[in-house]
Every structure is written in structure tokens, then in C-alpha cells.
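Chemist: This is the structure, below, for whatever I ask next.
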Amino acid sequence: MTTGPFPGGRSAAVSLTYDDCLPCHRLAVAPALSARGLLGTFYCPASSGDLHANVESWRAVARSGHELGNHSCFHPCRRREGATWPDPAYDLKTYTRRRIVDELHLAERVLQLVDGNDRRSYAATCGNTTVGPDGAEESFVDDLRRFATVVRSGRGGVQPLRKPDFVLGSHSADGKDAAATIAAIEPVLASGGWLLIEMHGVGAGSHGLFVAEDQHTRILDWIAERSVVLWAGTVSGVAAQLDAM
Ligand SMILES: [Zn+2]
């Protein structure tokens, strides 16, 4: 008998998150999660062509209990010296706080039209939570508190069983084999807590950053086999359970 804060008294949670609104997310990943009773969070830029062309398909993902997370409209990032991406028009170094807040609100409204929800988590694009030139960065984290449940930004390990921080780090599974990601989840089972896992594509060709298809399947199977003690919930879902502790 366990008495943890998560459904069924479980004390261990993992949130599988997938960035950038890719076709494989709605066609293969969400069904694979649902088939195992797992929930995931999909971070969709509101400018995504796949979202616009397949609204009903993405709506079905949300109706299955998965979360559509905010990931801005145009995926702006702080452009590094010599980098070819993002387009200079979407360099956060040239954004004002007003501009990013307007963009994030619009993204929120677009996703609301898809899933009907008025609160969701936000995944910081490239992990960035500041605008303005290097050396004079201005954070927009406080602006996010008005509508984001929590923010996923940067790297981090196991979150303890307490009211969650507003900004949470994650373990990146892109380019790693299943054993490495499973090794990152195991401490959650041992001590209780919550681990966020960040992924982009699943399968070669789906995204520049991806988890191989067979490795992804192994991760899902490993989690599903431990579902009595490990809850795979959405980022907002797990955060809400911890908030209610
Ligand atoms: Zn992204």
C-alpha cells in the first residue's frame, strides 16, 4: 500500500514531453502512449503547419487526455554567434518583453481553440526565458505566471514531492538509448518524485533531434510495466497533483 500524491497512491511520476508539433507525435507517439495508458505533453508552436492542416487530429490527441503545451508562435530563440537559426527576425535578443508576451498569449489562444483548455504548461523555446541583448537580458518568466501552469526550461533531474517550482528542468532523451533514459527514471522509483523527459522527434528523419523508434518503444514499455508504482502524467497534470499536496 502506497500513500503518494499521485493517482492510485503512487509516489513516482514521469512526464514524457515532445517538442515542436511533429506529424509523428499525433500519428504514432500519442497512440502508442494511449495504448499503454500513459499520458504525454506535446509542445506545439502555434505557427505549426502540421497543426493548421490537422486540427481535428491534434484535437483528438488532446481529447485522449494528452496535453497540448504552449511553445510560442514562431519558436524564437536567442541566436548564437555564427548560428544559422533562428531567422534573425525571431532572435529573442531583438524581442521586447511586450512582443514575447503578446506572442505567447496569441499562442495560448490558438491552442485554446484546438483543445478548449485555458491553462497549460509552457516549454521555453531553446530553453530561453529572456529577451534583449546579451548582457541586458530581461526575464519574461513572471509574465508566464498569468497563464502557464509551470515552465519547462533547461536541464534538471528528479523534482521532490512538494509544491513544484514554477520553472522546471528536464532530462533530454534525444540521441540517447533507452538504457540511459531508464537509468534517469530509476531514482524516481527509488525515492519518489517527478522527472520530466524532453524529446523532439521519434525515429530518424522526424526532426534533427530524435529518439530512435525502437529505443522509444522500449522506454514506453518499461514505464508501462511499472504503472502500479510509476505514473506517466502530463506536465500540468503532475504539477496539479503536487500543488494539491
Ligand atoms: Zn522547440
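Each chain in the C-alpha cells gets a letter, A, B, ..., in the order shown, and its residues are numbered from 1; ligands are numbered from 1 in order too.
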Could the residues that lie within 10 Å of ligand 1, counting only C-alpha atoms and all ligand atoms, be listed as a PyMOL selection string?
Modeler: chain A and resi 18-21+43-45+71-72+74-77+123-127+199-200
Chemist: Running DSSP on the backbone, which parts of segment 23-216 of chain A land in strand (DSSP E or B), as a PyMOL selection string?
Modeler: chain A and resi 40-44+67-70+77+91+120-123+130-131+138-139+148-155+159+167-172+193-199+201-202+210-211
Chemist: Emit the selected residues as a tab-separated table (two decimals), in the first residue's frame, including N, CA and C atoms.
Modeler:
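New file out14.tsv:
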```tsv
chain	number	residue	atom	x	y	z
A	40	GLY	N	1.06	12.06	-22.22
A	40	GLY	CA	2.23	12.86	-22.58
A	40	GLY	C	1.85	14.31	-22.82
A	41	THR	N	2.88	15.15	-22.93
A	41	THR	CA	2.68	16.57	-23.22
A	41	THR	C	3.36	16.89	-24.55
A	42	PHE	N	2.60	17.52	-25.43
A	42	PHE	CA	3.11	17.86	-26.76
A	42	PHE	C	3.18	19.38	-26.88
A	43	TYR	N	4.39	19.90	-27.05
A	43	TYR	CA	4.58	21.35	-27.12
A	43	TYR	C	4.51	21.82	-28.58
A	44	CYS	N	3.43	22.54	-28.86
A	44	CYS	CA	3.11	22.91	-30.25
A	44	CYS	C	3.25	24.40	-30.51
A	67	GLU	N	-1.63	16.49	-23.13
A	67	GLU	CA	-1.62	17.95	-23.02
A	67	GLU	C	-1.01	18.56	-24.28
A	68	LEU	N	-1.68	19.60	-24.79
A	68	LEU	CA	-1.06	20.42	-25.83
A	68	LEU	C	-0.44	21.61	-25.09
A	69	GLY	N	0.88	21.67	-25.08
A	69	GLY	CA	1.57	22.70	-24.34
A	69	GLY	C	1.95	23.87	-25.22
A	70	ASN	N	2.07	25.03	-24.57
A	70	ASN	CA	2.46	26.26	-25.29
A	70	ASN	C	3.95	26.19	-25.63
A	77	CYS	N	14.30	32.15	-30.50
A	77	CYS	CA	15.38	31.73	-29.60
A	77	CYS	C	16.44	32.81	-29.58
A	91	ASP	N	14.94	36.35	-33.40
A	91	ASP	CA	16.01	36.31	-32.41
A	91	ASP	C	15.51	37.00	-31.13
A	120	ARG	N	-2.21	25.71	-19.43
A	120	ARG	CA	-1.33	24.64	-19.92
A	120	ARG	C	0.09	24.99	-19.51
A	121	SER	N	1.00	24.04	-19.64
A	121	SER	CA	2.40	24.34	-19.34
A	121	SER	C	3.06	24.97	-20.56
A	122	TYR	N	4.20	25.60	-20.33
A	122	TYR	CA	4.96	26.23	-21.39
A	122	TYR	C	6.34	25.60	-21.44
A	123	ALA	N	6.81	25.25	-22.63
A	123	ALA	CA	8.19	24.79	-22.79
A	123	ALA	C	8.96	25.92	-23.44
A	130	THR	N	14.47	34.75	-21.60
A	130	THR	CA	14.82	36.17	-21.56
A	130	THR	C	14.77	36.78	-22.96
A	131	VAL	N	14.51	38.08	-22.99
A	131	VAL	CA	14.62	38.86	-24.23
A	131	VAL	C	15.68	39.94	-24.03
A	138	GLU	N	16.31	40.51	-20.17
A	138	GLU	CA	15.16	40.76	-19.30
A	138	GLU	C	14.31	39.48	-19.28
A	139	SER	N	14.03	38.96	-18.10
A	139	SER	CA	13.26	37.72	-17.97
A	139	SER	C	11.77	37.97	-18.22
A	148	ALA	N	0.52	30.19	-17.61
A	148	ALA	CA	1.16	28.87	-17.68
A	148	ALA	C	1.08	28.18	-16.32
A	149	THR	N	0.84	26.87	-16.34
A	149	THR	CA	0.82	26.12	-15.08
A	149	THR	C	2.24	26.07	-14.51
A	150	VAL	N	3.17	25.60	-15.31
A	150	VAL	CA	4.60	25.61	-14.99
A	150	VAL	C	5.36	25.78	-16.29
A	151	VAL	N	6.67	26.02	-16.18
A	151	VAL	CA	7.52	26.24	-17.35
A	151	VAL	C	8.62	25.18	-17.36
A	152	ARG	N	8.80	24.52	-18.49
A	152	ARG	CA	9.91	23.60	-18.65
A	152	ARG	C	11.05	24.35	-19.34
A	153	SER	N	12.20	24.44	-18.67
A	153	SER	CA	13.34	25.16	-19.24
A	153	SER	C	14.64	24.56	-18.72
A	154	GLY	N	15.53	24.25	-19.64
A	154	GLY	CA	16.86	23.78	-19.25
A	154	GLY	C	16.86	22.35	-18.72
A	155	ARG	N	18.03	21.96	-18.26
A	155	ARG	CA	18.20	20.59	-17.79
A	155	ARG	C	17.92	20.49	-16.30
A	159	GLN	N	12.48	15.99	-9.46
A	159	GLN	CA	11.84	17.01	-8.63
A	159	GLN	C	11.28	16.32	-7.39
A	167	VAL	N	9.58	27.08	-12.62
A	167	VAL	CA	10.45	26.72	-13.75
A	167	VAL	C	11.14	25.40	-13.41
A	168	LEU	N	10.95	24.41	-14.28
A	168	LEU	CA	11.45	23.06	-14.02
A	168	LEU	C	12.40	22.61	-15.12
A	169	GLY	N	13.50	21.97	-14.73
A	169	GLY	CA	14.43	21.41	-15.72
A	169	GLY	C	13.97	20.03	-16.14
A	170	SER	N	14.58	19.52	-17.21
A	170	SER	CA	14.19	18.20	-17.71
A	170	SER	C	15.43	17.40	-18.11
A	171	HIS	N	15.22	16.09	-18.24
A	171	HIS	CA	16.25	15.19	-18.76
A	171	HIS	C	16.04	15.08	-20.27
A	172	SER	N	17.08	15.30	-21.05
A	172	SER	CA	16.95	15.17	-22.50
A	172	SER	C	17.21	13.73	-22.93
A	193	GLY	N	9.10	11.10	-6.42
A	193	GLY	CA	9.41	12.36	-7.08
A	193	GLY	C	8.89	12.37	-8.50
A	194	TRP	N	9.43	13.30	-9.26
A	194	TRP	CA	8.90	13.55	-10.61
A	194	TRP	C	10.06	13.88	-11.54
A	195	LEU	N	10.08	13.22	-12.68
A	195	LEU	CA	11.11	13.53	-13.68
A	195	LEU	C	10.43	13.93	-14.99
A	196	LEU	N	10.87	15.06	-15.54
A	196	LEU	CA	10.40	15.48	-16.85
A	196	LEU	C	11.42	15.03	-17.89
A	197	ILE	N	10.93	14.45	-18.97
A	197	ILE	CA	11.80	13.99	-20.04
A	197	ILE	C	11.49	14.77	-21.31
A	198	GLU	N	12.53	15.31	-21.92
A	198	GLU	CA	12.36	16.12	-23.13
A	198	GLU	C	12.78	15.32	-24.36
A	199	MET	N	11.89	15.30	-25.35
A	199	MET	CA	12.21	14.67	-26.62
A	199	MET	C	11.70	15.57	-27.75
A	201	GLY	N	11.83	14.56	-32.07
A	201	GLY	CA	11.27	13.54	-32.94
A	201	GLY	C	11.37	12.15	-32.36
A	202	VAL	N	10.62	11.24	-32.97
A	202	VAL	CA	10.77	9.81	-32.68
A	202	VAL	C	10.98	9.14	-34.03
A	210	PHE	N	16.21	13.51	-32.15
A	210	PHE	CA	15.19	12.46	-32.06
A	210	PHE	C	15.67	11.28	-31.23
A	211	VAL	N	14.68	10.50	-30.78
A	211	VAL	CA	14.93	9.21	-30.13
A	211	VAL	C	14.61	8.15	-31.17
```
Chemist: Could you go through segment 72-158 of chain A and tell me which residues DSSP, when run on the backbone, assigns to alpha helix (DSSP H), listing them as a list in words?
Modeler: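 The alpha helix (DSSP H) residues within segment 72-158 of chain A come out as Arg97, Arg98, Arg99, Ile100, Val101, Asp102, Glu103, Leu104, His105, Leu106, Ala107, Glu108, Arg109, Val110, Leu111, Gln112, Leu113, Val114, Asp115, Val141, Asp142, Asp143 and Leu144 of chain A.
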Chemist: Write the residues of the preceding selection, restricted to C-alpha atoms, as a JSON list (two decimals), in the first residue's frame.
Modeler:
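Written output follows (again.json):
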```
[["chain", "number", "residue", "atom", "x", "y", "z"],
["A", 97, "ARG", "CA", 9.15, 41.80, -23.34],
["A", 98, "ARG", "CA", 5.87, 43.16, -24.75],
["A", 99, "ARG", "CA", 6.46, 41.33, -28.02],
["A", 100, "ILE", "CA", 7.17, 37.93, -26.46],
["A", 101, "VAL", "CA", 4.23, 38.26, -24.07],
["A", 102, "ASP", "CA", 1.91, 39.13, -26.97],
["A", 103, "GLU", "CA", 3.26, 36.15, -28.92],
["A", 104, "LEU", "CA", 2.81, 33.76, -26.01],
["A", 105, "HIS", "CA", -0.74, 34.99, -25.37],
["A", 106, "LEU", "CA", -1.64, 34.51, -29.02],
["A", 107, "ALA", "CA", -0.17, 31.00, -28.95],
["A", 108, "GLU", "CA", -2.27, 30.31, -25.88],
["A", 109, "ARG", "CA", -5.44, 31.49, -27.66],
["A", 110, "VAL", "CA", -4.71, 29.35, -30.72],
["A", 111, "LEU", "CA", -4.22, 26.21, -28.61],
["A", 112, "GLN", "CA", -7.37, 27.08, -26.67],
["A", 113, "LEU", "CA", -9.30, 26.99, -29.96],
["A", 114, "VAL", "CA", -7.95, 23.48, -30.52],
["A", 115, "ASP", "CA", -8.45, 21.90, -27.09],
["A", 141, "VAL", "CA", 9.08, 34.29, -16.53],
["A", 142, "ASP", "CA", 6.85, 36.43, -14.30],
["A", 143, "ASP", "CA", 4.60, 37.23, -17.28],
["A", 144, "LEU", "CA", 4.09, 33.49, -17.82]]
```
Chemist: Within 9 Å of Met245 of chain A, counting only C-alpha atoms, which residues show up once you throw out same-chain ones fewer than 5 positions away? Write them as a list in words, please.
Modeler: Pro5, Leu161, Arg162, Lys163 and Ala240 of chain A
Chemist: Next, write the just-selected residues to a file, as an mmCIF file, in the first residue's frame, keeping C-alpha atoms as the atom set.
Modeler:
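For reference, selection-v4.cif as written:
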```
data_model
loop_
_atom_site.group_PDB
_atom_site.id
_atom_site.type_symbol
_atom_site.label_atom_id
_atom_site.label_comp_id
_atom_site.auth_asym_id
_atom_site.auth_seq_id
_atom_site.Cartn_x
_atom_site.Cartn_y
_atom_site.Cartn_z
ATOM 1 C CA PRO A 5 0.286 12.183 -4.037
ATOM 2 C CA LEU A 161 7.471 15.558 -3.726
ATOM 3 C CA ARG A 162 6.471 19.103 -2.812
ATOM 4 C CA LYS A 163 4.799 22.110 -4.418
ATOM 5 C CA ALA A 240 -1.596 19.987 -10.227
#
```
Chemist: Near Gly65 of chain A, counting only C-alpha atoms, which residues have an atom at most 9 Å away, once you skip same-chain residues fewer than 2 positions from it, shown as a list in words?
Modeler: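 Here the qualifying residues turn out to be Ser34, Leu39, Gly40, Ala60, Val61, Ala62, Arg63, Glu67 and Thr234 of chain A.
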Chemist: Please identify all polymer residues within 10 Å of Pro7 of chain A, counting only C-alpha atoms, omitting same-chain residues fewer than 2 positions from it, and present them as a PDB file with C-alpha atoms, in the first residue's frame.
Modeler:
```pdb
ATOM      1  CA  THR A   3       0.311   6.793   0.002  1.00  0.00           C
ATOM      2  CA  GLY A   4       1.913   9.057  -2.568  1.00  0.00           C
ATOM      3  CA  PRO A   5       0.286  12.183  -4.037  1.00  0.00           C
ATOM      4  CA  GLY A   9      -1.374   6.499  -4.213  1.00  0.00           C
ATOM      5  CA  ARG A  10       1.697   6.353  -6.399  1.00  0.00           C
ATOM      6  CA  SER A  11       4.672   8.462  -5.290  1.00  0.00           C
ATOM      7  CA  ALA A  13       5.770  10.334 -11.708  1.00  0.00           C
ATOM      8  CA  VAL A 228       1.429   0.313 -10.483  1.00  0.00           C
ATOM      9  CA  VAL A 229       4.164   2.447  -8.902  1.00  0.00           C
ATOM     10  CA  LEU A 230       5.014   4.965 -11.643  1.00  0.00           C
ATOM     11  CA  TRP A 231       2.521   7.465 -13.070  1.00  0.00           C
ATOM     12  CA  GLY A 233       1.146  12.078 -16.404  1.00  0.00           C
ATOM     13  CA  VAL A 238       1.537  16.131 -12.321  1.00  0.00           C
ATOM     14  CA  GLN A 241      -1.287  16.857  -8.072  1.00  0.00           C
TER      15      GLN A 241
END
```
